[in-house]
Structures are given as structure tokens and as C-alpha cells.
Amino acid sequence: MLRLINKIILVHVLLFGVSAAWAEGELSEMAAKLHPASKDIVKQMDKKAVIESVYRQLRWRTTTKDSRLSTAQIDKKVRQYVADKYVPSLLGNYSLVYQKLVAANKEFSGCDNPDAVSLSVDVKVVLCLLEQEEKDTIRVQYMTSGYGRGWTKSTVYVFRMKGNALRLSDIELQLKEGHEVYVEKL
């Protein structure tokens, strides 16, 4: 009986090891495709989907001082601000950190043990891979650590497979509850 139990345990351990290795292999395959997508993130994004994803997160947090504006006018101004200012800034942040990672011969790290690069003497940044939840999606967390305050999760960049390449399809902002958003001319 003890031999049978040992064999069952051994089979479970082997199956778990094989499935973990398969999942890790699948993630590393996706991570390899992340480099071309990151190298020129502006060309490798679904612009309409990214703008809409950021707009949806910011619109309900936007306040206006001009009570004469209709809801449609506010929506239009927020969407335009997101397209012209917010998304380019988020893409610029990602590109800067990615370039610093490449220059330092570093890879995307795990978020539990980030392998950071320095923006300045007091500020470190990292792009780390979150646990893969969907088979053809990879999520990259942008985190900062500055002035001895520990790591802060800032933004999640969501890449999805389109054909044989990864494309940025969503940006998830890590906004705190009650945080209001400033939009020019509102």
C-alpha cells in the first residue's frame, strides 16, 4: 500500500513539474515576443483600443469647472486629452525603461524580485512580468522605487497575440480610490 501511495505521489509531482515547465516555457516564448513589441511600442499597439482603455479609466474621475459643457463635449475633450497627452506619456515611460533595461543587459524580471534600473541616484524603475492569466496575453507591470519608500505599482501594459506577434492592447492605470484626474481646458 505504501508503494502505491509513493507511486501516486511521484506521478503527481512529475505531472506538476511537467505542467509548470510547460507553462514557464510558454511564458518565456511569449516574453521573447515581448522584445519586438517593446522595441517600438508605438508601432506595436492597437491605438484605438489603448486610447479607449485609458479613457474608460479616466473619464469617470474627471471633473470640470465649466458647467456649460455637455456630457458629450466633456467626453470628447477627455478622449482627445488621453490620445494627445496621456497615452504618449505612458508609452514614453515604458520606452525609456525598456531602453534602460536593454542598455544594462537586463531582462524583464519577476515582480516579486524586481531587477531594476536607475533613473536617477534616488529612483529605480522596472518592467516586470505578472503571472500569466490568459494563454495569449502577457502583462507587464511598471514599478518605481524612490527615496527609500519601497516599490510602487504604477501601470500595467497588456499585450495580446495578434497573428504571430504581441501587440499592446490595453493600459491599466493603478489609480487610488478618490483620485481625480486633471484634463486641460475642463
# chains A, B, ... in the order shown; residues from 1 in each chain; ligands from 1
>>> closest_atom_pairs(of="stretch 77-181 of chain A", to="stretch 50-61 of chain A", cutoff="12 Å", atoms="only C-alpha atoms", output="CSV")
residue,atom,partner,partner_atom,distance
A:Lys77,CA,A:Arg59,CA,9.8
A:Val78,CA,A:Arg59,CA,6.5
A:Arg79,CA,A:Tyr55,CA,5.8
A:Gln80,CA,A:Tyr55,CA,9.1
A:Tyr81,CA,A:Tyr55,CA,9.0
A:Val82,CA,A:Tyr55,CA,6.2
A:Ala83,CA,A:Ile51,CA,5.9
A:Asp84,CA,A:Ile51,CA,9.6
A:Lys85,CA,A:Ile51,CA,10.6
A:Tyr86,CA,A:Val54,CA,8.2
A:Val87,CA,A:Ile51,CA,6.7
A:Pro88,CA,A:Ile51,CA,9.8
A:Ser89,CA,A:Val54,CA,11.9
A:Leu90,CA,A:Val54,CA,10.0
A:Leu91,CA,A:Val50,CA,10.4
A:Thr155,CA,A:Val54,CA,10.8
A:Val156,CA,A:Val54,CA,11.2
A:Tyr157,CA,A:Val50,CA,9.5
A:Val158,CA,A:Val50,CA,9.3
A:Phe159,CA,A:Val50,CA,10.4
A:Arg160,CA,A:Val50,CA,11.8
A:Arg167,CA,A:Val50,CA,10.3
A:Leu168,CA,A:Val50,CA,7.3
A:Ser169,CA,A:Val50,CA,5.4
A:Asp170,CA,A:Val50,CA,4.7
A:Ile171,CA,A:Val50,CA,6.2
A:Glu172,CA,A:Val54,CA,7.0
A:Leu173,CA,A:Gln57,CA,7.4
A:Gln174,CA,A:Gln57,CA,9.6
A:Leu175,CA,A:Gln57,CA,8.8
A:Lys176,CA,A:Arg61,CA,10.7
A:Glu177,CA,A:Arg61,CA,9.7
A:Gly178,CA,A:Arg61,CA,7.9
A:His179,CA,A:Arg61,CA,7.0
A:Glu180,CA,A:Arg61,CA,5.0
A:Val181,CA,A:Arg61,CA,5.6
>>> residues_around(residues="A:Met143", least_positions_apart="2", cutoff="8 Å", atoms="only C-alpha atoms", output="PDB file with N, CA and C atoms, in the first residue's frame")
ATOM      1  N   VAL A 125      13.500  51.966 -11.463  1.00  0.00           N
ATOM      2  CA  VAL A 125      12.297  51.548 -12.185  1.00  0.00           C
ATOM      3  C   VAL A 125      12.500  50.140 -12.721  1.00  0.00           C
ATOM      4  N   VAL A 126      11.391  49.487 -13.003  1.00  0.00           N
ATOM      5  CA  VAL A 126      11.463  48.135 -13.537  1.00  0.00           C
ATOM      6  C   VAL A 126      10.221  47.845 -14.365  1.00  0.00           C
ATOM      7  N   LEU A 127      10.397  47.008 -15.357  1.00  0.00           N
ATOM      8  CA  LEU A 127       9.290  46.400 -16.089  1.00  0.00           C
ATOM      9  C   LEU A 127       9.338  44.925 -15.729  1.00  0.00           C
ATOM     10  N   CYS A 128       8.304  44.446 -15.068  1.00  0.00           N
ATOM     11  CA  CYS A 128       8.319  43.048 -14.639  1.00  0.00           C
ATOM     12  C   CYS A 128       7.088  42.329 -15.184  1.00  0.00           C
ATOM     13  N   GLN A 141       4.148  44.878 -15.654  1.00  0.00           N
ATOM     14  CA  GLN A 141       3.941  45.868 -14.592  1.00  0.00           C
ATOM     15  C   GLN A 141       5.091  46.873 -14.607  1.00  0.00           C
ATOM     16  N   SER A 145      10.628  52.742  -7.522  1.00  0.00           N
ATOM     17  CA  SER A 145      11.057  52.753  -6.132  1.00  0.00           C
ATOM     18  C   SER A 145      11.939  53.973  -5.969  1.00  0.00           C
ATOM     19  N   TRP A 151       8.688  49.758  -3.343  1.00  0.00           N
ATOM     20  CA  TRP A 151       8.140  49.662  -4.697  1.00  0.00           C
ATOM     21  C   TRP A 151       6.696  50.132  -4.766  1.00  0.00           C
ATOM     22  N   THR A 152       6.402  50.902  -5.813  1.00  0.00           N
ATOM     23  CA  THR A 152       5.052  51.371  -6.096  1.00  0.00           C
ATOM     24  C   THR A 152       4.642  50.840  -7.465  1.00  0.00           C
ATOM     25  N   LYS A 153       3.474  50.214  -7.520  1.00  0.00           N
ATOM     26  CA  LYS A 153       2.951  49.705  -8.790  1.00  0.00           C
ATOM     27  C   LYS A 153       2.268  50.859  -9.495  1.00  0.00           C
ATOM     28  N   SER A 154       2.712  51.130 -10.713  1.00  0.00           N
ATOM     29  CA  SER A 154       2.210  52.304 -11.416  1.00  0.00           C
ATOM     30  C   SER A 154       1.221  51.952 -12.516  1.00  0.00           C
ATOM     31  N   THR A 155       1.646  51.143 -13.451  1.00  0.00           N
ATOM     32  CA  THR A 155       0.850  50.889 -14.646  1.00  0.00           C
ATOM     33  C   THR A 155       1.057  49.451 -15.096  1.00  0.00           C
TER      34      THR A 155
END
>>> closest_residue(among="A:Gly110, A:Thr62, A:Ala49, A:Gly163", to="A:Asp75", atoms="only C-alpha atoms")
A:Thr62
>>> closest_residue(among="A:Thr63, A:Ser70, A:Thr144, A:Ser38", to="A:Phe108", atoms="only C-alpha atoms")
A:Ser38
>>> select_by_dssp(residues="chain A", states="strand (DSSP E)", output="number ranges by chain")
A: 109-110, 117-118, 123-129, 137-146, 151-162, 165-173
>>> select_by_dssp(residues="chain A", states="helix (DSSP H, G or I)", output="ChimeraX atom specification")
/A:2-39,47-59,71-103
>>> residues_around(residues="A:Asn164", least_positions_apart="4", cutoff="12 Å", atoms="only C-alpha atoms", output="PyMOL selection string")
chain A and resi 29-30+32-34+36-37+136+160
>>> residues_around(residues="A:Lys100", least_positions_apart="5", cutoff="9 Å", atoms="only C-alpha atoms", output="list in words")
Ser95, Asn105, Lys106, Val117, Ser118 and Leu119 of chain A
>>> write_last_selection(atoms="C-alpha atoms", output="compact mmCIF listing (two decimals), in the first residue's frame")
# COMPACT_ATOMS: atom_id res chain seq x y z
CA SER A 95 10.06 53.02 -23.82
CA ASN A 105 21.70 43.83 -20.46
CA LYS A 106 18.74 43.06 -18.20
CA VAL A 117 17.49 50.06 -13.48
CA SER A 118 18.17 53.56 -12.18
CA LEU A 119 16.51 56.69 -13.48
>>> closest_residue(among="A:Val102, A:Cys111, A:Leu96, A:Met161", to="A:Leu130", atoms="only C-alpha atoms")
A:Cys111
>>> closest_residue(among="A:Lys39, A:Ile138, A:Leu186, A:Ala165", to="A:Leu101", atoms="only C-alpha atoms")
A:Lys39
>>> decode(residues="stretch 162-186 of chain A", atoms="N, CA and C atoms", output="PDB file, in the first residue's frame")
ATOM      1  N   LYS A 162      -1.525  38.828 -31.695  1.00  0.00           N
ATOM      2  CA  LYS A 162      -2.274  39.100 -32.926  1.00  0.00           C
ATOM      3  C   LYS A 162      -1.451  38.474 -34.031  1.00  0.00           C
ATOM      4  N   GLY A 163      -1.935  37.380 -34.566  1.00  0.00           N
ATOM      5  CA  GLY A 163      -1.129  36.632 -35.531  1.00  0.00           C
ATOM      6  C   GLY A 163       0.025  35.990 -34.781  1.00  0.00           C
ATOM      7  N   ASN A 164       1.239  36.300 -35.198  1.00  0.00           N
ATOM      8  CA  ASN A 164       2.423  35.720 -34.554  1.00  0.00           C
ATOM      9  C   ASN A 164       3.196  36.761 -33.743  1.00  0.00           C
ATOM     10  N   ALA A 165       2.574  37.911 -33.457  1.00  0.00           N
ATOM     11  CA  ALA A 165       3.270  38.981 -32.748  1.00  0.00           C
ATOM     12  C   ALA A 165       2.418  39.490 -31.590  1.00  0.00           C
ATOM     13  N   LEU A 166       3.096  40.019 -30.600  1.00  0.00           N
ATOM     14  CA  LEU A 166       2.400  40.660 -29.492  1.00  0.00           C
ATOM     15  C   LEU A 166       2.118  42.110 -29.837  1.00  0.00           C
ATOM     16  N   ARG A 167       0.932  42.569 -29.462  1.00  0.00           N
ATOM     17  CA  ARG A 167       0.564  43.978 -29.662  1.00  0.00           C
ATOM     18  C   ARG A 167      -0.007  44.515 -28.362  1.00  0.00           C
ATOM     19  N   LEU A 168       0.380  45.745 -28.037  1.00  0.00           N
ATOM     20  CA  LEU A 168      -0.166  46.400 -26.857  1.00  0.00           C
ATOM     21  C   LEU A 168      -1.646  46.664 -27.111  1.00  0.00           C
ATOM     22  N   SER A 169      -2.492  46.175 -26.206  1.00  0.00           N
ATOM     23  CA  SER A 169      -3.935  46.318 -26.433  1.00  0.00           C
ATOM     24  C   SER A 169      -4.647  47.049 -25.305  1.00  0.00           C
ATOM     25  N   ASP A 170      -3.952  47.253 -24.191  1.00  0.00           N
ATOM     26  CA  ASP A 170      -4.623  47.836 -23.039  1.00  0.00           C
ATOM     27  C   ASP A 170      -3.567  48.399 -22.099  1.00  0.00           C
ATOM     28  N   ILE A 171      -3.897  49.488 -21.437  1.00  0.00           N
ATOM     29  CA  ILE A 171      -3.052  50.026 -20.375  1.00  0.00           C
ATOM     30  C   ILE A 171      -3.946  50.195 -19.152  1.00  0.00           C
ATOM     31  N   GLU A 172      -3.559  49.535 -18.069  1.00  0.00           N
ATOM     32  CA  GLU A 172      -4.324  49.608 -16.828  1.00  0.00           C
ATOM     33  C   GLU A 172      -3.595  50.516 -15.856  1.00  0.00           C
ATOM     34  N   LEU A 173      -4.241  51.592 -15.474  1.00  0.00           N
ATOM     35  CA  LEU A 173      -3.664  52.538 -14.531  1.00  0.00           C
ATOM     36  C   LEU A 173      -3.944  52.057 -13.112  1.00  0.00           C
ATOM     37  N   GLN A 174      -3.010  52.249 -12.238  1.00  0.00           N
ATOM     38  CA  GLN A 174      -3.163  51.837 -10.849  1.00  0.00           C
ATOM     39  C   GLN A 174      -3.508  53.077 -10.018  1.00  0.00           C
ATOM     40  N   LEU A 175      -4.707  53.598 -10.232  1.00  0.00           N
ATOM     41  CA  LEU A 175      -5.137  54.818  -9.560  1.00  0.00           C
ATOM     42  C   LEU A 175      -5.747  54.489  -8.204  1.00  0.00           C
ATOM     43  N   LYS A 176      -5.465  55.339  -7.250  1.00  0.00           N
ATOM     44  CA  LYS A 176      -6.010  55.144  -5.907  1.00  0.00           C
ATOM     45  C   LYS A 176      -7.449  55.637  -5.851  1.00  0.00           C
ATOM     46  N   GLU A 177      -8.197  55.065  -4.935  1.00  0.00           N
ATOM     47  CA  GLU A 177      -9.591  55.448  -4.734  1.00  0.00           C
ATOM     48  C   GLU A 177      -9.678  56.937  -4.418  1.00  0.00           C
ATOM     49  N   GLY A 178     -10.593  57.618  -5.081  1.00  0.00           N
ATOM     50  CA  GLY A 178     -10.807  59.034  -4.843  1.00  0.00           C
ATOM     51  C   GLY A 178      -9.875  59.946  -5.633  1.00  0.00           C
ATOM     52  N   HIS A 179      -8.968  59.361  -6.375  1.00  0.00           N
ATOM     53  CA  HIS A 179      -8.012  60.149  -7.169  1.00  0.00           C
ATOM     54  C   HIS A 179      -8.738  60.824  -8.336  1.00  0.00           C
ATOM     55  N   GLU A 180      -8.628  62.155  -8.414  1.00  0.00           N
ATOM     56  CA  GLU A 180      -9.235  62.882  -9.529  1.00  0.00           C
ATOM     57  C   GLU A 180      -8.208  63.120 -10.597  1.00  0.00           C
ATOM     58  N   VAL A 181      -8.668  63.292 -11.828  1.00  0.00           N
ATOM     59  CA  VAL A 181      -7.786  63.446 -12.974  1.00  0.00           C
ATOM     60  C   VAL A 181      -7.926  64.848 -13.547  1.00  0.00           C
ATOM     61  N   TYR A 182      -6.798  65.452 -13.842  1.00  0.00           N
ATOM     62  CA  TYR A 182      -6.767  66.775 -14.446  1.00  0.00           C
ATOM     63  C   TYR A 182      -6.762  66.632 -15.965  1.00  0.00           C
ATOM     64  N   VAL A 183      -7.643  67.336 -16.618  1.00  0.00           N
ATOM     65  CA  VAL A 183      -7.683  67.403 -18.071  1.00  0.00           C
ATOM     66  C   VAL A 183      -7.671  68.878 -18.450  1.00  0.00           C
ATOM     67  N   GLU A 184      -6.718  69.255 -19.294  1.00  0.00           N
ATOM     68  CA  GLU A 184      -6.615  70.644 -19.703  1.00  0.00           C
ATOM     69  C   GLU A 184      -7.934  71.142 -20.300  1.00  0.00           C
ATOM     70  N   LYS A 185      -8.259  72.378 -20.036  1.00  0.00           N
ATOM     71  CA  LYS A 185      -9.427  73.073 -20.584  1.00  0.00           C
ATOM     72  C   LYS A 185     -10.749  72.506 -20.124  1.00  0.00           C
ATOM     73  N   LEU A 186     -10.750  71.847 -18.997  1.00  0.00           N
ATOM     74  CA  LEU A 186     -12.005  71.402 -18.397  1.00  0.00           C
ATOM     75  C   LEU A 186     -12.107  72.106 -17.075  1.00  0.00           C
TER      76      LEU A 186
END
